[in-house]
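Student: Following this line is target07.txt, made up of compact mmCIF, N, CA and C atoms:
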```
# COMPACT_ATOMS: atom_id res chain seq x y z
N MET E 1 133.61 39.14 -61.12
CA MET E 1 134.83 38.40 -61.33
C MET E 1 135.46 38.06 -59.97
N ALA E 2 136.00 36.88 -59.91
CA ALA E 2 136.67 36.43 -58.70
C ALA E 2 138.02 37.13 -58.57
N GLU E 3 138.49 37.27 -57.34
CA GLU E 3 139.79 37.87 -57.10
C GLU E 3 140.79 36.79 -56.74
N TRP E 4 142.00 36.97 -57.22
CA TRP E 4 143.08 36.03 -56.96
C TRP E 4 143.63 36.26 -55.55
N GLN E 5 143.86 35.15 -54.84
CA GLN E 5 144.54 35.18 -53.55
C GLN E 5 145.73 34.25 -53.64
N THR E 6 146.85 34.65 -53.07
CA THR E 6 148.04 33.82 -53.10
C THR E 6 147.73 32.46 -52.47
N PRO E 7 147.95 31.38 -53.22
CA PRO E 7 147.63 30.05 -52.67
C PRO E 7 148.66 29.60 -51.64
N LYS E 8 148.23 28.72 -50.79
CA LYS E 8 149.14 28.09 -49.82
C LYS E 8 149.68 26.84 -50.50
N THR E 9 150.96 26.83 -50.79
CA THR E 9 151.56 25.70 -51.52
C THR E 9 152.57 24.95 -50.67
N ASP E 10 152.54 25.20 -49.37
CA ASP E 10 153.49 24.54 -48.47
C ASP E 10 152.77 23.85 -47.30
N TRP E 11 151.68 23.19 -47.62
CA TRP E 11 150.93 22.47 -46.59
C TRP E 11 151.81 21.39 -45.97
N ILE E 12 151.68 21.22 -44.66
CA ILE E 12 152.34 20.11 -43.97
C ILE E 12 151.28 19.33 -43.19
N SER E 13 151.63 18.15 -42.75
CA SER E 13 150.65 17.24 -42.15
C SER E 13 149.98 17.80 -40.90
N THR E 14 150.60 18.75 -40.22
CA THR E 14 150.00 19.30 -39.00
C THR E 14 149.13 20.54 -39.26
N ASP E 15 149.08 21.01 -40.50
CA ASP E 15 148.25 22.17 -40.82
C ASP E 15 146.78 21.83 -40.72
N LYS E 16 146.00 22.80 -40.30
CA LYS E 16 144.55 22.65 -40.20
C LYS E 16 143.89 23.38 -41.38
N PHE E 17 142.92 22.72 -41.98
CA PHE E 17 142.15 23.29 -43.08
C PHE E 17 141.02 24.11 -42.49
N ASN E 18 140.85 25.36 -42.95
CA ASN E 18 139.81 26.21 -42.39
C ASN E 18 138.96 26.87 -43.47
N ILE E 19 138.04 27.70 -43.04
CA ILE E 19 137.11 28.39 -43.96
C ILE E 19 137.87 29.21 -44.99
N GLU E 20 138.87 29.94 -44.55
CA GLU E 20 139.63 30.79 -45.46
C GLU E 20 140.31 29.96 -46.54
N ASP E 21 140.82 28.78 -46.17
CA ASP E 21 141.46 27.90 -47.15
C ASP E 21 140.44 27.42 -48.18
N PHE E 22 139.28 27.00 -47.71
CA PHE E 22 138.23 26.55 -48.63
C PHE E 22 137.87 27.64 -49.61
N ASN E 23 137.58 28.84 -49.08
CA ASN E 23 137.16 29.95 -49.94
C ASN E 23 138.26 30.37 -50.91
N ARG E 24 139.51 30.35 -50.46
CA ARG E 24 140.64 30.72 -51.34
C ARG E 24 140.74 29.74 -52.51
N ILE E 25 140.69 28.45 -52.23
CA ILE E 25 140.79 27.46 -53.29
C ILE E 25 139.63 27.60 -54.27
N LYS E 26 138.43 27.71 -53.74
CA LYS E 26 137.23 27.85 -54.59
C LYS E 26 137.33 29.09 -55.47
N ASN E 27 137.65 30.21 -54.87
CA ASN E 27 137.70 31.46 -55.62
C ASN E 27 138.87 31.51 -56.59
N ASN E 28 140.00 30.90 -56.25
CA ASN E 28 141.12 30.85 -57.19
C ASN E 28 140.78 29.98 -58.40
N LEU E 29 140.05 28.89 -58.18
CA LEU E 29 139.60 28.08 -59.32
C LEU E 29 138.69 28.89 -60.23
N VAL E 30 137.76 29.65 -59.65
CA VAL E 30 136.87 30.48 -60.44
C VAL E 30 137.67 31.55 -61.19
N TYR E 31 138.64 32.17 -60.52
CA TYR E 31 139.48 33.19 -61.15
C TYR E 31 140.21 32.61 -62.37
N VAL E 32 140.87 31.47 -62.19
CA VAL E 32 141.63 30.88 -63.30
C VAL E 32 140.69 30.49 -64.43
N LYS E 33 139.52 29.97 -64.11
CA LYS E 33 138.53 29.62 -65.15
C LYS E 33 138.15 30.86 -65.94
N GLU E 34 137.83 31.95 -65.23
CA GLU E 34 137.42 33.19 -65.92
C GLU E 34 138.53 33.72 -66.82
N GLN E 35 139.76 33.70 -66.34
CA GLN E 35 140.88 34.19 -67.13
C GLN E 35 141.17 33.28 -68.32
N ALA E 36 141.09 31.96 -68.10
CA ALA E 36 141.32 31.01 -69.20
C ALA E 36 140.24 31.15 -70.27
N ALA E 37 139.01 31.42 -69.85
CA ALA E 37 137.90 31.56 -70.80
C ALA E 37 138.11 32.77 -71.72
N LEU E 38 138.80 33.80 -71.25
CA LEU E 38 139.08 34.96 -72.08
C LEU E 38 140.02 34.62 -73.23
N ILE E 39 140.86 33.61 -73.02
CA ILE E 39 141.86 33.24 -74.02
C ILE E 39 141.40 32.07 -74.88
N TRP E 40 140.90 31.01 -74.24
CA TRP E 40 140.58 29.77 -74.95
C TRP E 40 139.09 29.61 -75.22
N GLY E 41 138.29 30.59 -74.89
CA GLY E 41 136.85 30.49 -75.10
C GLY E 41 136.13 30.00 -73.86
N ASP E 42 134.88 30.39 -73.75
CA ASP E 42 134.11 30.08 -72.54
C ASP E 42 133.85 28.59 -72.41
N PHE E 43 133.80 28.13 -71.18
CA PHE E 43 133.47 26.76 -70.83
C PHE E 43 132.90 26.76 -69.42
N GLU E 44 132.28 25.69 -69.06
CA GLU E 44 131.64 25.60 -67.74
C GLU E 44 132.47 24.75 -66.80
N ILE E 45 132.42 25.10 -65.52
CA ILE E 45 132.98 24.27 -64.47
C ILE E 45 131.87 23.91 -63.50
N ILE E 46 132.13 22.98 -62.62
CA ILE E 46 131.14 22.55 -61.64
C ILE E 46 130.99 23.64 -60.58
N ASP E 47 129.75 23.97 -60.26
CA ASP E 47 129.47 24.99 -59.26
C ASP E 47 129.95 24.51 -57.89
N MET E 48 130.70 25.36 -57.22
CA MET E 48 131.23 25.02 -55.90
C MET E 48 130.51 25.76 -54.79
N GLY E 49 129.44 26.46 -55.14
CA GLY E 49 128.63 27.16 -54.14
C GLY E 49 129.22 28.49 -53.72
N GLU E 50 128.58 29.06 -52.75
CA GLU E 50 129.00 30.36 -52.21
C GLU E 50 130.14 30.16 -51.22
N ASP E 51 130.78 31.27 -50.87
CA ASP E 51 131.81 31.22 -49.83
C ASP E 51 131.21 30.70 -48.53
N ILE E 52 131.99 29.94 -47.80
CA ILE E 52 131.55 29.48 -46.48
C ILE E 52 131.88 30.58 -45.49
N THR E 53 130.92 30.91 -44.63
CA THR E 53 131.12 32.00 -43.68
C THR E 53 131.06 31.54 -42.23
N SER E 54 130.74 30.28 -42.00
CA SER E 54 130.60 29.79 -40.64
C SER E 54 131.03 28.33 -40.54
N TYR E 55 131.60 27.99 -39.41
CA TYR E 55 131.99 26.59 -39.20
C TYR E 55 130.78 25.69 -38.99
N SER E 56 129.59 26.28 -38.86
CA SER E 56 128.38 25.45 -38.76
C SER E 56 127.99 24.88 -40.12
N ALA E 57 128.61 25.43 -41.18
CA ALA E 57 128.36 24.90 -42.52
C ALA E 57 128.93 23.49 -42.62
N TYR E 58 128.28 22.68 -43.36
CA TYR E 58 128.66 21.27 -43.52
C TYR E 58 129.76 21.15 -44.56
N TRP E 59 130.85 20.43 -44.22
CA TRP E 59 131.91 20.16 -45.19
C TRP E 59 131.41 19.07 -46.13
N ASP E 60 130.93 19.46 -47.24
CA ASP E 60 130.32 18.55 -48.21
C ASP E 60 131.38 17.95 -49.12
N VAL E 61 131.47 16.62 -49.18
CA VAL E 61 132.48 15.98 -50.03
C VAL E 61 132.29 16.35 -51.49
N ASP E 62 131.06 16.67 -51.89
CA ASP E 62 130.82 17.05 -53.29
C ASP E 62 131.62 18.30 -53.66
N LYS E 63 131.81 19.20 -52.72
CA LYS E 63 132.58 20.41 -53.02
C LYS E 63 134.05 20.09 -53.20
N PHE E 64 134.58 19.16 -52.43
CA PHE E 64 135.97 18.77 -52.60
C PHE E 64 136.15 17.99 -53.90
N ASN E 65 135.16 17.18 -54.25
CA ASN E 65 135.19 16.49 -55.54
C ASN E 65 135.08 17.50 -56.69
N ALA E 66 134.34 18.58 -56.46
CA ALA E 66 134.24 19.64 -57.47
C ALA E 66 135.59 20.33 -57.65
N PHE E 67 136.34 20.54 -56.57
CA PHE E 67 137.69 21.09 -56.69
C PHE E 67 138.50 20.23 -57.66
N GLU E 68 138.49 18.93 -57.39
CA GLU E 68 139.27 17.99 -58.21
C GLU E 68 138.80 18.02 -59.67
N ALA E 69 137.50 17.96 -59.86
CA ALA E 69 136.95 17.95 -61.22
C ALA E 69 137.27 19.25 -61.95
N ASN E 70 137.16 20.37 -61.26
CA ASN E 70 137.39 21.66 -61.90
C ASN E 70 138.84 21.87 -62.28
N VAL E 71 139.78 21.34 -61.50
CA VAL E 71 141.19 21.38 -61.91
C VAL E 71 141.31 20.66 -63.25
N ASP E 72 140.68 19.49 -63.38
CA ASP E 72 140.74 18.74 -64.64
C ASP E 72 140.05 19.48 -65.78
N ILE E 73 138.88 20.05 -65.52
CA ILE E 73 138.12 20.73 -66.58
C ILE E 73 138.90 21.93 -67.10
N ILE E 74 139.42 22.74 -66.19
CA ILE E 74 140.18 23.92 -66.61
C ILE E 74 141.43 23.48 -67.37
N ASN E 75 142.10 22.49 -66.85
CA ASN E 75 143.32 21.98 -67.49
C ASN E 75 143.04 21.49 -68.91
N GLU E 76 141.92 20.81 -69.12
CA GLU E 76 141.56 20.31 -70.45
C GLU E 76 141.34 21.44 -71.45
N HIS E 77 140.90 22.60 -70.97
CA HIS E 77 140.65 23.73 -71.87
C HIS E 77 141.89 24.59 -72.08
N MET E 78 142.94 24.27 -71.36
CA MET E 78 144.18 25.04 -71.50
C MET E 78 145.21 24.19 -72.24
N LEU E 79 146.36 24.06 -71.66
CA LEU E 79 147.47 23.37 -72.33
C LEU E 79 147.73 21.98 -71.76
N SER E 80 146.77 21.39 -71.10
CA SER E 80 146.83 20.04 -70.54
C SER E 80 148.19 19.66 -69.95
N GLN E 81 148.36 20.01 -68.71
CA GLN E 81 149.56 19.68 -67.96
C GLN E 81 149.26 18.49 -67.04
N ASP E 82 150.30 17.88 -66.50
CA ASP E 82 150.13 16.79 -65.55
C ASP E 82 150.14 17.37 -64.14
N TYR E 83 148.99 17.32 -63.49
CA TYR E 83 148.87 17.84 -62.13
C TYR E 83 148.66 16.73 -61.11
N GLY E 84 149.04 15.55 -61.45
CA GLY E 84 148.90 14.44 -60.51
C GLY E 84 147.59 13.71 -60.69
N ILE E 85 147.37 12.75 -59.80
CA ILE E 85 146.21 11.88 -59.89
C ILE E 85 145.02 12.48 -59.15
N ARG E 86 143.92 12.60 -59.85
CA ARG E 86 142.69 13.13 -59.27
C ARG E 86 142.16 12.17 -58.21
N GLN E 87 141.79 12.73 -57.08
CA GLN E 87 141.24 11.94 -55.98
C GLN E 87 139.72 12.08 -55.95
N THR E 88 139.08 11.09 -55.36
CA THR E 88 137.64 11.13 -55.14
C THR E 88 137.40 10.98 -53.65
N PHE E 89 136.55 11.82 -53.11
CA PHE E 89 136.23 11.80 -51.68
C PHE E 89 134.84 11.21 -51.50
N TYR E 90 134.66 10.49 -50.40
CA TYR E 90 133.41 9.78 -50.13
C TYR E 90 132.86 10.17 -48.77
N GLU E 91 131.53 10.11 -48.66
CA GLU E 91 130.87 10.34 -47.38
C GLU E 91 131.47 9.39 -46.35
N ASN E 92 131.73 9.91 -45.16
CA ASN E 92 132.31 9.14 -44.05
C ASN E 92 133.69 8.59 -44.38
N GLY E 93 134.32 9.12 -45.41
CA GLY E 93 135.68 8.71 -45.78
C GLY E 93 136.69 9.67 -45.19
N ALA E 94 137.93 9.50 -45.58
CA ALA E 94 139.01 10.36 -45.10
C ALA E 94 138.82 11.79 -45.61
N PHE E 95 139.14 12.74 -44.75
CA PHE E 95 139.08 14.15 -45.11
C PHE E 95 140.26 14.47 -46.03
N ILE E 96 140.16 15.53 -46.80
CA ILE E 96 141.23 15.92 -47.71
C ILE E 96 142.52 16.10 -46.92
N LYS E 97 143.62 15.57 -47.44
CA LYS E 97 144.90 15.60 -46.74
C LYS E 97 145.78 16.73 -47.26
N TRP E 98 146.80 17.01 -46.50
CA TRP E 98 147.72 18.10 -46.80
C TRP E 98 148.39 17.94 -48.16
N ASP E 99 148.73 16.70 -48.54
CA ASP E 99 149.41 16.50 -49.83
C ASP E 99 148.47 16.75 -51.00
N GLU E 100 147.19 16.44 -50.82
CA GLU E 100 146.20 16.75 -51.86
C GLU E 100 145.99 18.26 -51.97
N LEU E 101 145.97 18.93 -50.82
CA LEU E 101 145.84 20.39 -50.85
C LEU E 101 147.03 21.02 -51.56
N ASN E 102 148.24 20.50 -51.31
CA ASN E 102 149.41 21.00 -52.02
C ASN E 102 149.28 20.78 -53.52
N ARG E 103 148.84 19.58 -53.91
CA ARG E 103 148.70 19.26 -55.33
C ARG E 103 147.69 20.20 -55.99
N ILE E 104 146.54 20.39 -55.36
CA ILE E 104 145.48 21.23 -55.92
C ILE E 104 145.93 22.69 -56.00
N GLU E 105 146.48 23.22 -54.92
CA GLU E 105 146.86 24.64 -54.93
C GLU E 105 148.05 24.90 -55.85
N ASN E 106 148.97 23.97 -55.94
CA ASN E 106 150.07 24.12 -56.90
C ASN E 106 149.57 24.06 -58.33
N ALA E 107 148.60 23.19 -58.60
CA ALA E 107 148.02 23.11 -59.95
C ALA E 107 147.34 24.42 -60.32
N ILE E 108 146.58 24.99 -59.39
CA ILE E 108 145.91 26.26 -59.65
C ILE E 108 146.93 27.36 -59.92
N LEU E 109 147.99 27.40 -59.12
CA LEU E 109 149.04 28.40 -59.32
C LEU E 109 149.72 28.23 -60.67
N ARG E 110 150.03 27.01 -61.04
CA ARG E 110 150.66 26.76 -62.35
C ARG E 110 149.73 27.17 -63.49
N MET E 111 148.42 26.88 -63.36
CA MET E 111 147.48 27.28 -64.40
C MET E 111 147.40 28.80 -64.50
N LYS E 112 147.42 29.49 -63.36
CA LYS E 112 147.40 30.95 -63.39
C LYS E 112 148.63 31.49 -64.11
N ARG E 113 149.79 30.90 -63.86
CA ARG E 113 151.01 31.35 -64.52
C ARG E 113 150.94 31.12 -66.03
N ILE E 114 150.34 30.02 -66.44
CA ILE E 114 150.16 29.76 -67.88
C ILE E 114 149.24 30.82 -68.49
N VAL E 115 148.13 31.10 -67.83
CA VAL E 115 147.19 32.11 -68.32
C VAL E 115 147.88 33.47 -68.38
N ASP E 116 148.59 33.84 -67.32
CA ASP E 116 149.28 35.14 -67.31
C ASP E 116 150.30 35.23 -68.43
N GLY E 117 151.04 34.15 -68.66
CA GLY E 117 152.02 34.13 -69.75
C GLY E 117 151.37 34.26 -71.11
N ARG E 118 150.26 33.58 -71.29
CA ARG E 118 149.54 33.64 -72.57
C ARG E 118 148.98 35.04 -72.79
N LYS E 119 148.40 35.64 -71.73
CA LYS E 119 147.87 36.99 -71.86
C LYS E 119 148.98 37.98 -72.20
N ALA E 120 150.15 37.82 -71.60
CA ALA E 120 151.27 38.74 -71.84
C ALA E 120 151.82 38.59 -73.25
N SER E 121 151.64 37.43 -73.86
CA SER E 121 152.21 37.21 -75.19
C SER E 121 151.24 37.47 -76.33
N LEU E 122 150.02 37.87 -76.01
CA LEU E 122 149.07 38.18 -77.07
C LEU E 122 149.60 39.34 -77.91
N LEU E 123 149.41 39.24 -79.20
CA LEU E 123 149.88 40.30 -80.09
C LEU E 123 149.05 41.56 -79.88
N ARG E 124 149.74 42.67 -79.83
CA ARG E 124 149.09 43.96 -79.67
C ARG E 124 149.61 44.90 -80.76
N LEU E 125 148.72 45.74 -81.24
CA LEU E 125 149.13 46.75 -82.20
C LEU E 125 149.89 47.85 -81.47
N SER E 126 150.93 48.36 -82.10
CA SER E 126 151.73 49.42 -81.46
C SER E 126 151.15 50.80 -81.75
N PHE E 127 150.01 50.86 -82.40
CA PHE E 127 149.38 52.14 -82.69
C PHE E 127 147.88 52.00 -82.49
N ARG E 128 147.22 53.15 -82.38
CA ARG E 128 145.80 53.18 -82.15
C ARG E 128 145.07 53.29 -83.47
N LEU E 129 144.07 52.45 -83.65
CA LEU E 129 143.24 52.53 -84.85
C LEU E 129 142.20 53.64 -84.70
N GLY E 130 141.85 54.26 -85.77
CA GLY E 130 140.85 55.32 -85.73
C GLY E 130 141.50 56.67 -85.95
N ALA E 131 140.66 57.63 -86.14
CA ALA E 131 141.15 58.97 -86.42
C ALA E 131 141.66 59.65 -85.14
N PRO E 132 142.79 60.34 -85.22
CA PRO E 132 143.31 61.03 -84.03
C PRO E 132 142.40 62.20 -83.65
N ASN E 133 142.21 62.39 -82.37
CA ASN E 133 141.43 63.51 -81.82
C ASN E 133 140.05 63.63 -82.42
N GLY E 134 139.47 62.55 -82.81
CA GLY E 134 138.12 62.58 -83.35
C GLY E 134 138.02 63.22 -84.73
N LEU E 135 139.14 63.44 -85.39
CA LEU E 135 139.17 64.04 -86.72
C LEU E 135 138.48 63.12 -87.71
N LYS E 136 137.56 63.64 -88.45
CA LYS E 136 136.85 62.84 -89.44
C LYS E 136 137.54 63.00 -90.77
N LEU E 137 137.79 61.88 -91.39
CA LEU E 137 138.46 61.91 -92.69
C LEU E 137 137.47 61.78 -93.80
```
Spit out the file's structure as structure tokens when you get a sec.
Tutor:
Amino acid sequence: MAEWQTPKTDWISTDKFNIEDFNRIKNNLVYVKEQAALIWGDFEIIDMGEDITSYSAYWDVDKFNAFEANVDIINEHMLSQDYGIRQTFYENGAFIKWDELNRIENAILRMKRIVDGRKASLLRLSFRLGAPNGLKL
């Protein structure tokens, strides 16, 4: 299971995107998907690959497009909120901008809050089923 990391939701135009940011966004998407699947049933998202560990790794536009697609896929399986307009990135095109990073990370955070709220509101029995202390009836 993926671990949740606090998203960066205050990107500004002078911020630099780094390996940690990529891995945080990717893993938070996986985390929200896994948690949503426990409530709304299993579904698939686009594979975003392994964590990046070196700057020699190629920034593949397909992975950024997968971020965008996965926000939509997870959202469709939940309560369908408006998270803004999905962007598409192209080879030799503009790199992901700070405002898109804000939109994506805020969407992930909002989805996590929805999942957490739904999990907290699930009905639970106030007593334990079964015989106490292994007593056979």
Student: I'd like the contact shell of segment 24-35 of chain E - 12 Å cut-off, only C-alpha atoms, skipping same-chain residues fewer than 5 positions apart - returned as a PyMOL selection string.
Tutor: chain E and resi 1-9+17-19+40-52+63-78+101-119
Student: Check chain E with DSSP on the backbone and list each residue it calls helix (DSSP H, G or I), as a short mmCIF file (atom, residue, chain, number, x, y, z; two decimals) with N, CA and C atoms, keeping the file's coordinate frame.
Tutor:
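Contents of states-v5.cif, as written:
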```cif
data_model
loop_
_atom_site.label_atom_id
_atom_site.label_comp_id
_atom_site.auth_asym_id
_atom_site.auth_seq_id
_atom_site.Cartn_x
_atom_site.Cartn_y
_atom_site.Cartn_z
N ILE E 19 138.04 27.70 -43.04
CA ILE E 19 137.11 28.39 -43.96
C ILE E 19 137.87 29.21 -44.99
N GLU E 20 138.87 29.94 -44.55
CA GLU E 20 139.63 30.79 -45.46
C GLU E 20 140.31 29.96 -46.54
N ASP E 21 140.82 28.78 -46.17
CA ASP E 21 141.46 27.90 -47.15
C ASP E 21 140.44 27.42 -48.18
N PHE E 22 139.28 27.00 -47.71
CA PHE E 22 138.23 26.55 -48.63
C PHE E 22 137.87 27.64 -49.61
N ASN E 23 137.58 28.84 -49.08
CA ASN E 23 137.16 29.95 -49.94
C ASN E 23 138.26 30.37 -50.91
N ARG E 24 139.51 30.35 -50.46
CA ARG E 24 140.64 30.72 -51.34
C ARG E 24 140.74 29.74 -52.51
N ILE E 25 140.69 28.45 -52.23
CA ILE E 25 140.79 27.46 -53.29
C ILE E 25 139.63 27.60 -54.27
N LYS E 26 138.43 27.71 -53.74
CA LYS E 26 137.23 27.85 -54.59
C LYS E 26 137.33 29.09 -55.47
N ASN E 27 137.65 30.21 -54.87
CA ASN E 27 137.70 31.46 -55.62
C ASN E 27 138.87 31.51 -56.59
N ASN E 28 140.00 30.90 -56.25
CA ASN E 28 141.12 30.85 -57.19
C ASN E 28 140.78 29.98 -58.40
N LEU E 29 140.05 28.89 -58.18
CA LEU E 29 139.60 28.08 -59.32
C LEU E 29 138.69 28.89 -60.23
N VAL E 30 137.76 29.65 -59.65
CA VAL E 30 136.87 30.48 -60.44
C VAL E 30 137.67 31.55 -61.19
N TYR E 31 138.64 32.17 -60.52
CA TYR E 31 139.48 33.19 -61.15
C TYR E 31 140.21 32.61 -62.37
N VAL E 32 140.87 31.47 -62.19
CA VAL E 32 141.63 30.88 -63.30
C VAL E 32 140.69 30.49 -64.43
N LYS E 33 139.52 29.97 -64.11
CA LYS E 33 138.53 29.62 -65.15
C LYS E 33 138.15 30.86 -65.94
N GLU E 34 137.83 31.95 -65.23
CA GLU E 34 137.42 33.19 -65.92
C GLU E 34 138.53 33.72 -66.82
N GLN E 35 139.76 33.70 -66.34
CA GLN E 35 140.88 34.19 -67.13
C GLN E 35 141.17 33.28 -68.32
N ALA E 36 141.09 31.96 -68.10
CA ALA E 36 141.32 31.01 -69.20
C ALA E 36 140.24 31.15 -70.27
N ALA E 37 139.01 31.42 -69.85
CA ALA E 37 137.90 31.56 -70.80
C ALA E 37 138.11 32.77 -71.72
N LEU E 38 138.80 33.80 -71.25
CA LEU E 38 139.08 34.96 -72.08
C LEU E 38 140.02 34.62 -73.23
N ILE E 39 140.86 33.61 -73.02
CA ILE E 39 141.86 33.24 -74.02
C ILE E 39 141.40 32.07 -74.88
N TRP E 40 140.90 31.01 -74.24
CA TRP E 40 140.58 29.77 -74.95
C TRP E 40 139.09 29.61 -75.22
N VAL E 61 131.47 16.62 -49.18
CA VAL E 61 132.48 15.98 -50.03
C VAL E 61 132.29 16.35 -51.49
N ASP E 62 131.06 16.67 -51.89
CA ASP E 62 130.82 17.05 -53.29
C ASP E 62 131.62 18.30 -53.66
N LYS E 63 131.81 19.20 -52.72
CA LYS E 63 132.58 20.41 -53.02
C LYS E 63 134.05 20.09 -53.20
N PHE E 64 134.58 19.16 -52.43
CA PHE E 64 135.97 18.77 -52.60
C PHE E 64 136.15 17.99 -53.90
N ASN E 65 135.16 17.18 -54.25
CA ASN E 65 135.19 16.49 -55.54
C ASN E 65 135.08 17.50 -56.69
N ALA E 66 134.34 18.58 -56.46
CA ALA E 66 134.24 19.64 -57.47
C ALA E 66 135.59 20.33 -57.65
N PHE E 67 136.34 20.54 -56.57
CA PHE E 67 137.69 21.09 -56.69
C PHE E 67 138.50 20.23 -57.66
N GLU E 68 138.49 18.93 -57.39
CA GLU E 68 139.27 17.99 -58.21
C GLU E 68 138.80 18.02 -59.67
N ALA E 69 137.50 17.96 -59.86
CA ALA E 69 136.95 17.95 -61.22
C ALA E 69 137.27 19.25 -61.95
N ASN E 70 137.16 20.37 -61.26
CA ASN E 70 137.39 21.66 -61.90
C ASN E 70 138.84 21.87 -62.28
N VAL E 71 139.78 21.34 -61.50
CA VAL E 71 141.19 21.38 -61.91
C VAL E 71 141.31 20.66 -63.25
N ASP E 72 140.68 19.49 -63.38
CA ASP E 72 140.74 18.74 -64.64
C ASP E 72 140.05 19.48 -65.78
N ILE E 73 138.88 20.05 -65.52
CA ILE E 73 138.12 20.73 -66.58
C ILE E 73 138.90 21.93 -67.10
N ILE E 74 139.42 22.74 -66.19
CA ILE E 74 140.18 23.92 -66.61
C ILE E 74 141.43 23.48 -67.37
N ASN E 75 142.10 22.49 -66.85
CA ASN E 75 143.32 21.98 -67.49
C ASN E 75 143.04 21.49 -68.91
N GLU E 76 141.92 20.81 -69.12
CA GLU E 76 141.56 20.31 -70.45
C GLU E 76 141.34 21.44 -71.45
N HIS E 77 140.90 22.60 -70.97
CA HIS E 77 140.65 23.73 -71.87
C HIS E 77 141.89 24.59 -72.08
N TRP E 98 146.80 17.01 -46.50
CA TRP E 98 147.72 18.10 -46.80
C TRP E 98 148.39 17.94 -48.16
N ASP E 99 148.73 16.70 -48.54
CA ASP E 99 149.41 16.50 -49.83
C ASP E 99 148.47 16.75 -51.00
N GLU E 100 147.19 16.44 -50.82
CA GLU E 100 146.20 16.75 -51.86
C GLU E 100 145.99 18.26 -51.97
N LEU E 101 145.97 18.93 -50.82
CA LEU E 101 145.84 20.39 -50.85
C LEU E 101 147.03 21.02 -51.56
N ASN E 102 148.24 20.50 -51.31
CA ASN E 102 149.41 21.00 -52.02
C ASN E 102 149.28 20.78 -53.52
N ARG E 103 148.84 19.58 -53.91
CA ARG E 103 148.70 19.26 -55.33
C ARG E 103 147.69 20.20 -55.99
N ILE E 104 146.54 20.39 -55.36
CA ILE E 104 145.48 21.23 -55.92
C ILE E 104 145.93 22.69 -56.00
N GLU E 105 146.48 23.22 -54.92
CA GLU E 105 146.86 24.64 -54.93
C GLU E 105 148.05 24.90 -55.85
N ASN E 106 148.97 23.97 -55.94
CA ASN E 106 150.07 24.12 -56.90
C ASN E 106 149.57 24.06 -58.33
N ALA E 107 148.60 23.19 -58.60
CA ALA E 107 148.02 23.11 -59.95
C ALA E 107 147.34 24.42 -60.32
N ILE E 108 146.58 24.99 -59.39
CA ILE E 108 145.91 26.26 -59.65
C ILE E 108 146.93 27.36 -59.92
N LEU E 109 147.99 27.40 -59.12
CA LEU E 109 149.04 28.40 -59.32
C LEU E 109 149.72 28.23 -60.67
N ARG E 110 150.03 27.01 -61.04
CA ARG E 110 150.66 26.76 -62.35
C ARG E 110 149.73 27.17 -63.49
N MET E 111 148.42 26.88 -63.36
CA MET E 111 147.48 27.28 -64.40
C MET E 111 147.40 28.80 -64.50
N LYS E 112 147.42 29.49 -63.36
CA LYS E 112 147.40 30.95 -63.39
C LYS E 112 148.63 31.49 -64.11
N ARG E 113 149.79 30.90 -63.86
CA ARG E 113 151.01 31.35 -64.52
C ARG E 113 150.94 31.12 -66.03
N ILE E 114 150.34 30.02 -66.44
CA ILE E 114 150.16 29.76 -67.88
C ILE E 114 149.24 30.82 -68.49
N VAL E 115 148.13 31.10 -67.83
CA VAL E 115 147.19 32.11 -68.32
C VAL E 115 147.88 33.47 -68.38
N ASP E 116 148.59 33.84 -67.32
CA ASP E 116 149.28 35.14 -67.31
C ASP E 116 150.30 35.23 -68.43
N GLY E 117 151.04 34.15 -68.66
CA GLY E 117 152.02 34.13 -69.75
C GLY E 117 151.37 34.26 -71.11
N ARG E 118 150.26 33.58 -71.29
CA ARG E 118 149.54 33.64 -72.57
C ARG E 118 148.98 35.04 -72.79
N LYS E 119 148.40 35.64 -71.73
CA LYS E 119 147.87 36.99 -71.86
C LYS E 119 148.98 37.98 -72.20
N ALA E 120 150.15 37.82 -71.60
CA ALA E 120 151.27 38.74 -71.84
C ALA E 120 151.82 38.59 -73.25
N SER E 121 151.64 37.43 -73.86
CA SER E 121 152.21 37.21 -75.19
C SER E 121 151.24 37.47 -76.33
N PRO E 132 142.79 60.34 -85.22
CA PRO E 132 143.31 61.03 -84.03
C PRO E 132 142.40 62.20 -83.65
N ASN E 133 142.21 62.39 -82.37
CA ASN E 133 141.43 63.51 -81.82
C ASN E 133 140.05 63.63 -82.42
N GLY E 134 139.47 62.55 -82.81
CA GLY E 134 138.12 62.58 -83.35
C GLY E 134 138.02 63.22 -84.73
#
```
Student: Do you have the atom C of Thr88 of chain E-atom C of Ser56 of chain E distance handy?
Tutor: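 These atoms are spaced 21.6 Å apart.
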Student: Pick from E:Gly93, E:Tyr55, E:Ile39, E:Asp99: nearest to Glu20 of chain E, with only C-alpha atoms counted?
Tutor: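 The shortest atom-to-atom distance to Glu20 of chain E comes from E:Tyr55.
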Student: By how many Å are atom C of Ala37 of chain E and atom CA of Phe22 of chain E apart?
Tutor: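 Separation between atom C of Ala37 of chain E and atom CA of Phe22 of chain E: 23.9 Å.
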Student: Record the distance separating atom C of Tyr90 of chain E and atom CA of Lys16 of chain E, expressed in Å with one decimal.
Tutor: 19.1 Å
Student: The centre and edge lengths of an axis-aligned box containing all atoms of segment 90-100 of chain E present in the file, extended by 8 Å on each side, are to be given in Å to one decimal, as lines of an AutoDock Vina configuration file.
Tutor:
```
center_x = 140.1
center_y = 13.4
center_z = -48.0
size_x = 34.5
size_y = 25.7
size_z = 23.9
```
